[in-house]
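Enquirer: What follows is data16.tsv; its format and atoms are TSV, N, CA and C atoms and all ligand atoms.
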chain	number	residue	atom	x	y	z
A	1	MET	N	10.22	-53.65	2.92
A	1	MET	CA	11.08	-53.00	3.94
A	1	MET	C	11.71	-51.75	3.34
A	2	MET	N	12.44	-51.89	2.26
A	2	MET	CA	13.06	-50.76	1.57
A	2	MET	C	11.99	-49.75	1.18
A	3	ILE	N	10.89	-50.25	0.68
A	3	ILE	CA	9.79	-49.39	0.22
A	3	ILE	C	9.30	-48.51	1.37
A	4	ASN	N	9.16	-49.10	2.56
A	4	ASN	CA	8.66	-48.35	3.70
A	4	ASN	C	9.58	-47.20	4.09
A	5	VAL	N	10.87	-47.46	4.11
A	5	VAL	CA	11.84	-46.41	4.44
A	5	VAL	C	11.70	-45.28	3.42
A	6	PHE	N	11.60	-45.67	2.19
A	6	PHE	CA	11.47	-44.71	1.09
A	6	PHE	C	10.24	-43.82	1.29
A	7	LYS	N	9.12	-44.46	1.62
A	7	LYS	CA	7.87	-43.72	1.85
A	7	LYS	C	8.03	-42.72	2.98
A	8	LYS	N	8.73	-43.17	4.02
A	8	LYS	CA	8.91	-42.28	5.17
A	8	LYS	C	9.73	-41.04	4.77
A	9	ILE	N	10.76	-41.28	4.00
A	9	ILE	CA	11.60	-40.15	3.58
A	9	ILE	C	10.76	-39.16	2.77
A	10	ILE	N	9.98	-39.71	1.84
A	10	ILE	CA	9.12	-38.84	1.01
A	10	ILE	C	8.18	-38.03	1.91
A	11	ALA	N	7.59	-38.70	2.90
A	11	ALA	CA	6.64	-38.03	3.78
A	11	ALA	C	7.31	-36.87	4.51
A	12	VAL	N	8.53	-37.11	5.03
A	12	VAL	CA	9.24	-36.06	5.76
A	12	VAL	C	9.56	-34.90	4.82
A	13	VAL	N	10.01	-35.21	3.60
A	13	VAL	CA	10.34	-34.16	2.64
A	13	VAL	C	9.09	-33.35	2.31
A	14	CYS	N	7.99	-34.04	2.06
A	14	CYS	CA	6.75	-33.34	1.73
A	14	CYS	C	6.31	-32.45	2.88
A	15	PHE	N	6.37	-32.98	4.08
A	15	PHE	CA	5.92	-32.21	5.23
A	15	PHE	C	6.78	-30.96	5.41
A	16	THR	N	8.09	-31.13	5.26
A	16	THR	CA	9.00	-29.99	5.41
A	16	THR	C	8.71	-28.93	4.36
A	17	ALA	N	8.49	-29.38	3.12
A	17	ALA	CA	8.22	-28.44	2.04
A	17	ALA	C	6.94	-27.66	2.33
A	18	LEU	N	5.93	-28.39	2.81
A	18	LEU	CA	4.64	-27.76	3.11
A	18	LEU	C	4.82	-26.73	4.21
A	19	PHE	N	5.54	-27.13	5.24
A	19	PHE	CA	5.74	-26.26	6.38
A	19	PHE	C	6.52	-25.00	5.97
A	20	ALA	N	7.56	-25.21	5.17
A	20	ALA	CA	8.37	-24.07	4.71
A	20	ALA	C	7.49	-23.14	3.88
A	21	GLY	N	6.62	-23.72	3.06
A	21	GLY	CA	5.72	-22.91	2.23
A	21	GLY	C	4.81	-22.06	3.10
A	22	THR	N	4.23	-22.68	4.12
A	22	THR	CA	3.32	-21.95	5.01
A	22	THR	C	4.06	-20.84	5.72
A	23	THR	N	5.25	-21.15	6.20
A	23	THR	CA	6.03	-20.14	6.91
A	23	THR	C	6.31	-18.96	6.00
A	24	LEU	N	6.72	-19.26	4.76
A	24	LEU	CA	7.02	-18.18	3.82
A	24	LEU	C	5.79	-17.32	3.55
A	25	THR	N	4.64	-17.98	3.40
A	25	THR	CA	3.40	-17.24	3.16
A	25	THR	C	3.11	-16.32	4.33
A	26	CYS	N	3.26	-16.85	5.54
A	26	CYS	CA	3.01	-16.04	6.74
A	26	CYS	C	3.95	-14.85	6.78
A	27	ILE	N	5.22	-15.09	6.53
A	27	ILE	CA	6.19	-13.99	6.54
A	27	ILE	C	5.78	-12.96	5.50
A	28	GLY	N	5.33	-13.42	4.34
A	28	GLY	CA	4.88	-12.52	3.28
A	28	GLY	C	3.75	-11.64	3.77
A	29	TYR	N	2.78	-12.22	4.45
A	29	TYR	CA	1.63	-11.45	4.95
A	29	TYR	C	2.08	-10.42	5.97
A	30	ILE	N	2.89	-10.85	6.91
A	30	ILE	CA	3.34	-9.94	7.96
A	30	ILE	C	4.07	-8.76	7.33
A	31	HIS	N	4.91	-9.08	6.37
A	31	HIS	CA	5.70	-8.07	5.69
A	31	HIS	C	4.79	-7.06	4.99
A	32	ALA	N	3.82	-7.56	4.24
A	32	ALA	CA	2.91	-6.68	3.49
A	32	ALA	C	2.15	-5.79	4.47
A	33	ASP	N	1.74	-6.37	5.60
A	33	ASP	CA	0.96	-5.63	6.57
A	33	ASP	C	1.75	-4.49	7.17
A	34	GLN	N	3.02	-4.72	7.42
A	34	GLN	CA	3.81	-3.67	8.06
A	34	GLN	C	4.25	-2.63	7.06
A	35	GLY	N	4.62	-3.09	5.88
A	35	GLY	CA	5.29	-2.20	4.97
A	35	GLY	C	4.40	-1.40	4.03
A	36	GLY	N	3.22	-1.90	3.75
A	36	GLY	CA	2.42	-1.21	2.75
A	36	GLY	C	2.78	-1.74	1.37
A	37	ASP	N	1.81	-1.80	0.50
A	37	ASP	CA	1.98	-2.41	-0.80
A	37	ASP	C	1.88	-1.34	-1.88
A	38	VAL	N	2.95	-1.19	-2.65
A	38	VAL	CA	3.02	-0.13	-3.65
A	38	VAL	C	1.90	-0.26	-4.69
A	39	LYS	N	1.67	-1.47	-5.16
A	39	LYS	CA	0.65	-1.69	-6.20
A	39	LYS	C	-0.75	-1.32	-5.69
A	40	ARG	N	-1.04	-1.77	-4.46
A	40	ARG	CA	-2.36	-1.42	-3.89
A	40	ARG	C	-2.45	0.08	-3.68
A	41	GLY	N	-1.33	0.68	-3.26
A	41	GLY	CA	-1.31	2.12	-3.05
A	41	GLY	C	-1.62	2.87	-4.33
A	42	GLU	N	-1.07	2.37	-5.43
A	42	GLU	CA	-1.31	3.02	-6.71
A	42	GLU	C	-2.79	2.93	-7.10
A	43	MET	N	-3.42	1.78	-6.82
A	43	MET	CA	-4.85	1.64	-7.12
A	43	MET	C	-5.67	2.61	-6.28
A	44	LEU	N	-5.35	2.71	-4.99
A	44	LEU	CA	-6.08	3.62	-4.10
A	44	LEU	C	-5.88	5.07	-4.55
A	45	PHE	N	-4.69	5.36	-5.02
A	45	PHE	CA	-4.34	6.72	-5.46
A	45	PHE	C	-5.26	7.16	-6.60
A	46	ASN	N	-5.70	6.19	-7.40
A	46	ASN	CA	-6.56	6.52	-8.54
A	46	ASN	C	-8.02	6.17	-8.28
A	47	ASP	N	-8.36	5.94	-7.02
A	47	ASP	CA	-9.72	5.56	-6.66
A	47	ASP	C	-10.49	6.78	-6.16
A	48	PRO	N	-11.52	7.24	-6.90
A	48	PRO	CA	-12.24	8.46	-6.50
A	48	PRO	C	-13.09	8.30	-5.24
A	49	THR	N	-13.18	7.09	-4.68
A	49	THR	CA	-13.96	6.92	-3.45
A	49	THR	C	-13.07	6.84	-2.21
A	50	LEU	N	-11.77	7.04	-2.41
A	50	LEU	CA	-10.82	6.91	-1.30
A	50	LEU	C	-11.17	7.82	-0.11
A	51	GLY	N	-11.05	7.27	1.08
A	51	GLY	CA	-11.17	8.07	2.30
A	51	GLY	C	-12.50	8.77	2.46
A	52	GLY	N	-13.56	8.20	1.89
A	52	GLY	CA	-14.88	8.81	2.01
A	52	GLY	C	-15.05	10.03	1.12
A	53	SER	N	-14.27	10.08	0.05
A	53	SER	CA	-14.36	11.22	-0.88
A	53	SER	C	-15.80	11.45	-1.32
A	54	THR	N	-16.21	12.72	-1.32
A	54	THR	CA	-17.60	13.02	-1.69
A	54	THR	C	-17.69	13.67	-3.07
A	55	ASN	N	-16.57	13.74	-3.80
A	55	ASN	CA	-16.67	14.22	-5.18
A	55	ASN	C	-16.02	13.20	-6.11
A	56	ASP	N	-15.88	13.56	-7.39
A	56	ASP	CA	-15.38	12.55	-8.33
A	56	ASP	C	-13.87	12.64	-8.54
A	57	LYS	N	-13.20	13.40	-7.67
A	57	LYS	CA	-11.74	13.51	-7.81
A	57	LYS	C	-11.03	12.35	-7.13
A	58	SER	N	-9.89	11.98	-7.71
A	58	SER	CA	-8.98	11.05	-7.03
A	58	SER	C	-7.66	11.79	-6.90
A	59	CYS	N	-6.72	11.19	-6.18
A	59	CYS	CA	-5.41	11.82	-6.04
A	59	CYS	C	-4.81	12.05	-7.43
A	60	GLY	N	-5.07	11.07	-8.32
A	60	GLY	CA	-4.51	11.14	-9.66
A	60	GLY	C	-5.05	12.30	-10.48
A	61	SER	N	-6.17	12.90	-10.07
A	61	SER	CA	-6.71	14.04	-10.82
A	61	SER	C	-5.72	15.20	-10.82
A	62	CYS	N	-5.06	15.42	-9.69
A	62	CYS	CA	-4.14	16.55	-9.56
A	62	CYS	C	-2.68	16.12	-9.61
A	63	HIS	N	-2.44	14.87	-9.29
A	63	HIS	CA	-1.05	14.35	-9.32
A	63	HIS	C	-1.03	13.16	-10.26
A	64	PRO	N	-1.30	13.36	-11.57
A	64	PRO	CA	-1.39	12.20	-12.47
A	64	PRO	C	-0.12	11.35	-12.46
A	65	GLY	N	-0.31	10.05	-12.24
A	65	GLY	CA	0.84	9.14	-12.17
A	65	GLY	C	1.78	9.49	-11.04
A	66	GLY	N	1.27	10.24	-10.05
A	66	GLY	CA	2.10	10.63	-8.90
A	66	GLY	C	2.98	11.83	-9.19
A	67	LYS	N	2.76	12.44	-10.35
A	67	LYS	CA	3.60	13.56	-10.77
A	67	LYS	C	3.64	14.68	-9.73
A	68	GLY	N	4.80	15.17	-9.45
A	68	GLY	CA	4.96	16.27	-8.51
A	68	GLY	C	5.17	15.80	-7.08
A	69	LEU	N	5.02	14.51	-6.83
A	69	LEU	CA	5.19	14.02	-5.45
A	69	LEU	C	6.54	13.33	-5.25
A	70	GLU	N	7.39	13.39	-6.28
A	70	GLU	CA	8.68	12.70	-6.19
A	70	GLU	C	9.54	13.26	-5.06
A	71	ASN	N	9.33	14.52	-4.73
A	71	ASN	CA	10.16	15.13	-3.69
A	71	ASN	C	9.41	15.32	-2.38
A	72	ALA	N	8.26	14.67	-2.27
A	72	ALA	CA	7.49	14.81	-1.04
A	72	ALA	C	8.33	14.37	0.14
A	73	SER	N	8.34	15.19	1.17
A	73	SER	CA	9.11	14.82	2.35
A	73	SER	C	8.31	15.21	3.59
A	74	GLY	N	8.88	15.05	4.73
A	74	GLY	CA	8.15	15.36	5.96
A	74	GLY	C	7.13	14.29	6.24
A	75	ASN	N	6.03	14.67	6.87
A	75	ASN	CA	5.03	13.68	7.21
A	75	ASN	C	4.07	13.45	6.03
A	76	ILE	N	4.39	12.42	5.25
A	76	ILE	CA	3.61	12.15	4.05
A	76	ILE	C	2.18	11.76	4.40
A	77	ALA	N	2.02	10.99	5.48
A	77	ALA	CA	0.66	10.55	5.86
A	77	ALA	C	-0.23	11.76	6.15
A	78	GLU	N	0.33	12.77	6.79
A	78	GLU	CA	-0.48	13.96	7.08
A	78	GLU	C	-0.83	14.72	5.81
A	79	ALA	N	0.13	14.79	4.88
A	79	ALA	CA	-0.14	15.45	3.59
A	79	ALA	C	-1.24	14.69	2.85
A	80	VAL	N	-1.20	13.36	2.93
A	80	VAL	CA	-2.23	12.54	2.27
A	80	VAL	C	-3.60	12.89	2.84
A	81	ASN	N	-3.70	12.92	4.16
A	81	ASN	CA	-5.00	13.23	4.77
A	81	ASN	C	-5.43	14.67	4.50
A	82	ARG	N	-4.48	15.58	4.41
A	82	ARG	CA	-4.83	16.96	4.08
A	82	ARG	C	-5.48	16.99	2.69
A	83	CYS	N	-4.89	16.25	1.76
A	83	CYS	CA	-5.45	16.22	0.41
A	83	CYS	C	-6.76	15.44	0.35
A	84	ILE	N	-6.94	14.45	1.22
A	84	ILE	CA	-8.23	13.75	1.23
A	84	ILE	C	-9.32	14.67	1.78
A	85	LYS	N	-8.98	15.41	2.83
A	85	LYS	CA	-10.01	16.24	3.49
A	85	LYS	C	-10.36	17.47	2.66
A	86	ASN	N	-9.36	18.07	2.00
A	86	ASN	CA	-9.66	19.27	1.22
A	86	ASN	C	-10.08	18.95	-0.22
A	87	PRO	N	-9.14	18.66	-1.13
A	87	PRO	CA	-9.57	18.45	-2.51
A	87	PRO	C	-10.61	17.34	-2.69
A	88	LEU	N	-10.49	16.24	-1.94
A	88	LEU	CA	-11.42	15.13	-2.15
A	88	LEU	C	-12.68	15.27	-1.30
A	89	ALA	N	-12.68	16.27	-0.43
A	89	ALA	CA	-13.83	16.48	0.47
A	89	ALA	C	-14.23	15.19	1.19
A	90	GLY	N	-13.23	14.46	1.65
A	90	GLY	CA	-13.49	13.20	2.35
A	90	GLY	C	-13.18	13.30	3.82
A	91	GLU	N	-13.15	12.18	4.49
A	91	GLU	CA	-12.95	12.17	5.94
A	91	GLU	C	-11.50	11.93	6.33
A	92	GLY	N	-10.73	11.38	5.42
A	92	GLY	CA	-9.36	11.04	5.76
A	92	GLY	C	-9.26	9.59	6.17
A	93	LEU	N	-8.04	9.10	6.18
A	93	LEU	CA	-7.78	7.70	6.53
A	93	LEU	C	-7.23	7.62	7.94
A	94	ASP	N	-7.53	6.51	8.59
A	94	ASP	CA	-6.91	6.20	9.87
A	94	ASP	C	-5.40	6.12	9.65
A	95	MET	N	-4.64	6.82	10.47
A	95	MET	CA	-3.19	6.87	10.30
A	95	MET	C	-2.55	5.48	10.28
A	96	ASP	N	-3.11	4.53	11.04
A	96	ASP	CA	-2.51	3.20	11.13
A	96	ASP	C	-3.12	2.22	10.14
A	97	SER	N	-4.04	2.70	9.29
A	97	SER	CA	-4.74	1.77	8.41
A	97	SER	C	-3.82	1.22	7.32
A	98	GLN	N	-4.21	0.07	6.81
A	98	GLN	CA	-3.46	-0.54	5.72
A	98	GLN	C	-3.51	0.37	4.49
A	99	GLU	N	-4.64	1.01	4.25
A	99	GLU	CA	-4.76	1.89	3.08
A	99	GLU	C	-3.73	3.03	3.15
A	100	MET	N	-3.60	3.63	4.35
A	100	MET	CA	-2.62	4.71	4.51
A	100	MET	C	-1.22	4.18	4.24
A	101	LYS	N	-0.91	3.00	4.78
A	101	LYS	CA	0.43	2.43	4.56
A	101	LYS	C	0.68	2.18	3.08
A	102	ASP	N	-0.35	1.70	2.39
A	102	ASP	CA	-0.19	1.40	0.96
A	102	ASP	C	0.06	2.69	0.16
A	103	ILE	N	-0.72	3.73	0.45
A	103	ILE	CA	-0.56	4.99	-0.28
A	103	ILE	C	0.81	5.60	0.00
A	104	VAL	N	1.22	5.58	1.27
A	104	VAL	CA	2.53	6.13	1.62
A	104	VAL	C	3.63	5.33	0.92
A	105	ALA	N	3.47	4.00	0.87
A	105	ALA	CA	4.47	3.17	0.18
A	105	ALA	C	4.53	3.56	-1.29
A	106	TYR	N	3.35	3.81	-1.90
A	106	TYR	CA	3.32	4.20	-3.31
A	106	TYR	C	4.05	5.54	-3.50
A	107	ILE	N	3.73	6.52	-2.64
A	107	ILE	CA	4.36	7.84	-2.79
A	107	ILE	C	5.87	7.74	-2.58
A	108	ASN	N	6.27	6.95	-1.60
A	108	ASN	CA	7.71	6.78	-1.37
A	108	ASN	C	8.39	6.10	-2.55
A	109	SER	N	7.65	5.28	-3.29
A	109	SER	CA	8.25	4.56	-4.43
A	109	SER	C	8.50	5.51	-5.60
A	110	LEU	N	7.93	6.72	-5.55
A	110	LEU	CA	8.10	7.67	-6.66
A	110	LEU	C	9.44	8.40	-6.58
A	111	LYS	N	10.04	8.37	-5.41
A	111	LYS	CA	11.31	9.09	-5.19
A	111	LYS	C	12.36	8.65	-6.18
A	112	LYS	N	13.08	9.60	-6.68
A	112	LYS	CA	14.09	9.26	-7.69
A	112	LYS	C	15.46	9.06	-7.05
A	201	LIG	C1	-7.48	19.31	-6.35
A	201	LIG	C2	-6.12	18.89	-6.53
A	201	LIG	C3	-5.51	17.85	-5.59
A	201	LIG	C4	-5.98	16.61	-5.32
A	201	LIG	C5	-7.24	15.94	-5.81
A	201	LIG	C6	-4.99	15.99	-4.44
A	201	LIG	N1	-3.96	16.86	-4.21
A	201	LIG	FE1	-2.28	16.46	-3.16
A	201	LIG	N2	-1.68	18.36	-3.38
A	201	LIG	C7	-2.34	19.33	-4.11
A	201	LIG	C8	-1.63	20.59	-3.99
A	201	LIG	C9	-2.03	21.90	-4.65
A	201	LIG	C10	-0.52	20.34	-3.15
A	201	LIG	C11	0.57	21.32	-2.67
A	201	LIG	C12	0.11	22.15	-1.53
A	201	LIG	C13	0.13	21.45	-0.22
A	201	LIG	O1	1.15	20.81	0.15
A	201	LIG	O2	-0.88	21.50	0.52
A	201	LIG	C14	-0.59	18.93	-2.79
A	201	LIG	C15	0.34	18.30	-1.99
A	201	LIG	C16	0.38	16.94	-1.74
A	201	LIG	C17	1.43	16.26	-1.03
A	201	LIG	C18	2.66	16.90	-0.40
A	201	LIG	C19	3.72	17.06	-1.47
A	201	LIG	C20	5.06	17.55	-0.92
A	201	LIG	O3	5.90	17.90	-1.76
A	201	LIG	O4	5.26	17.57	0.30
A	201	LIG	C21	1.10	14.94	-1.01
A	201	LIG	C22	1.91	13.80	-0.39
A	201	LIG	C23	-0.16	14.81	-1.72
A	201	LIG	N3	-0.57	16.04	-2.16
A	201	LIG	C24	-0.82	13.62	-1.91
A	201	LIG	C25	-2.12	13.55	-2.38
A	201	LIG	C26	-2.93	12.37	-2.29
A	201	LIG	C27	-2.48	11.04	-1.69
A	201	LIG	C28	-4.13	12.68	-2.82
A	201	LIG	C29	-5.37	11.81	-2.86
A	201	LIG	C30	-5.90	11.47	-1.58
A	201	LIG	C31	-4.07	14.05	-3.28
A	201	LIG	N4	-2.84	14.54	-2.98
A	201	LIG	C32	-5.09	14.70	-3.94
A	201	LIG	C33	-3.47	19.14	-4.88
A	201	LIG	C34	-4.25	18.02	-4.88
As structure tokens, how would this structure be written, given the file I've shared?
Ligand code: HEC

Expert:
Amino acid sequence: MMINVFKKIIAVVCFTALFAGTTLTCIGYIHADQGGDVKRGEMLFNDPTLGGSTNDKSCGSCHPGGKGLENASGNIAEAVNRCIKNPLAGEGLDMDSQEMKDIVAYINSLKK
């Protein structure tokens, strides 16, 4: 009898923990999707294939470690696509894409 009550309590605790874990994971995903991920942005920044680039340059070729972008202001996404289309000779990123959000998050993280 006592054992059964005990088992039930454990089951409820386990279920709650599992549910809370799932909820937190979901919130984490939603957050990352909306906000952009600085680490991923940094990887893309140094990726010479970004945005359909047709040469061997990456953003880091001209802005090593993001240098010179600390004061970037205005429409950063448009500046990013301008640099993809001209120096990288690429097609540019979809404005709403996760890649664009990640790169913008990275550039915003450089602000002092
Ligand atoms: C061949 C060199 C070169 C490459 C490669 C390059 N850029 Fe640029 N970038 C520049 C120059 C020069 C400027 C300043 C002139 C301008 O704003 O158009 C600039 C300006 C910018 C700005 C605006 C800065 C401000 O102060 O407003 C951003 C943001 C930027 N680049 C991001 C990027 C990103 C992201 C990439 C990779 C997709 C990239 N750049 C690749 C040369 C480059």

Enquirer: Find the nearest atom pair between each residue of segment 86-105 of chain A and segment 42-47 of chain A for residues within 8 Å, count only N, CA and C atoms, give distances in Å to one decimal, sort rows by chain and ascending number, and present the table as a tab-separated table.

Expert:
residue	atom	partner	partner_atom	distance
A:Glu99	CA	A:Leu44	CA	7.5
A:Asp102	C	A:Glu42	N	5.7
A:Ile103	CA	A:Glu42	N	5.8
A:Val104	N	A:Glu42	N	7.8
A:Ala105	C	A:Glu42	N	7.1

Enquirer: Give me, as a Markdown table, the closest atom pair and its distance (Å, one decimal) for every residue of chain A within a cut-off of 7 Å of ligand LIG 201 (chain A), counting only N, CA and C atoms and all ligand atoms, rows sorted by chain and rising number.

Expert:
| residue | atom | partner | partner_atom | distance |
| --- | --- | --- | --- | --- |
| A:Leu44 | C | A:LIG201 | C29 | 7.0 |
| A:Phe45 | CA | A:LIG201 | C29 | 5.8 |
| A:Leu50 | C | A:LIG201 | C30 | 6.6 |
| A:Lys57 | C | A:LIG201 | C5 | 5.4 |
| A:Ser58 | C | A:LIG201 | C5 | 4.3 |
| A:Cys59 | CA | A:LIG201 | C29 | 3.2 |
| A:Gly60 | N | A:LIG201 | C29 | 5.5 |
| A:Ser61 | C | A:LIG201 | C5 | 5.3 |
| A:Cys62 | CA | A:LIG201 | C2 | 4.3 |
| A:His63 | N | A:LIG201 | C6 | 5.6 |
| A:Gly68 | C | A:LIG201 | O3 | 5.8 |
| A:Leu69 | CA | A:LIG201 | C19 | 5.2 |
| A:Glu70 | N | A:LIG201 | O3 | 6.6 |
| A:Asn71 | C | A:LIG201 | O3 | 4.4 |
| A:Ala72 | CA | A:LIG201 | O3 | 3.5 |
| A:Ser73 | N | A:LIG201 | O4 | 4.0 |
| A:Gly74 | N | A:LIG201 | O4 | 6.3 |
| A:Asn75 | C | A:LIG201 | C22 | 6.8 |
| A:Ile76 | CA | A:LIG201 | C22 | 5.0 |
| A:Ala77 | N | A:LIG201 | C22 | 6.5 |
| A:Glu78 | C | A:LIG201 | C22 | 6.8 |
| A:Ala79 | C | A:LIG201 | C21 | 4.5 |
| A:Val80 | CA | A:LIG201 | C27 | 4.2 |
| A:Asn81 | N | A:LIG201 | C27 | 6.3 |
| A:Arg82 | C | A:LIG201 | FE1 | 6.7 |
| A:Cys83 | C | A:LIG201 | C30 | 4.5 |
| A:Ile84 | N | A:LIG201 | C30 | 4.2 |
| A:Lys85 | N | A:LIG201 | C30 | 6.7 |
| A:Asn86 | C | A:LIG201 | C1 | 6.7 |
| A:Pro87 | CA | A:LIG201 | C1 | 4.5 |
| A:Leu88 | N | A:LIG201 | C5 | 5.1 |
| A:Ile103 | CA | A:LIG201 | C27 | 6.5 |
| A:Ile107 | CA | A:LIG201 | C22 | 6.9 |

Enquirer: With distances taken over only C-alpha atoms, which residue among A:Glu91, A:Gly66, A:Asn55, A:Thr49 lies nearest Asn108 of chain A?

Expert: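 Distance minimum relative to Asn108 of chain A lands on A:Gly66.
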
Enquirer: Provide the atom CA of Ser53 of chain A to atom C of Ala89 of chain A distance in Å, to one decimal place.

Expert: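 Result for atom CA of Ser53 of chain A versus atom C of Ala89 of chain A: 4.5 Å, one decimal.
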
Enquirer: Interatomic distance between atom C of Ser109 of chain A and atom N of Asp96 of chain A?

Expert: 20.3 Å

Enquirer: Quick one, how far is atom CA of Leu93 of chain A from atom N of Gly52 of chain A?

Expert: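 Atom-to-atom, atom CA of Leu93 of chain A and atom N of Gly52 of chain A are spaced 7.4 Å apart.
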
Enquirer: Which one of A:Lys67, A:Gly92, A:Ser97, A:Gly36 sits closest to Lys112 of chain A if you count only C-alpha atoms?

Expert: A:Lys67
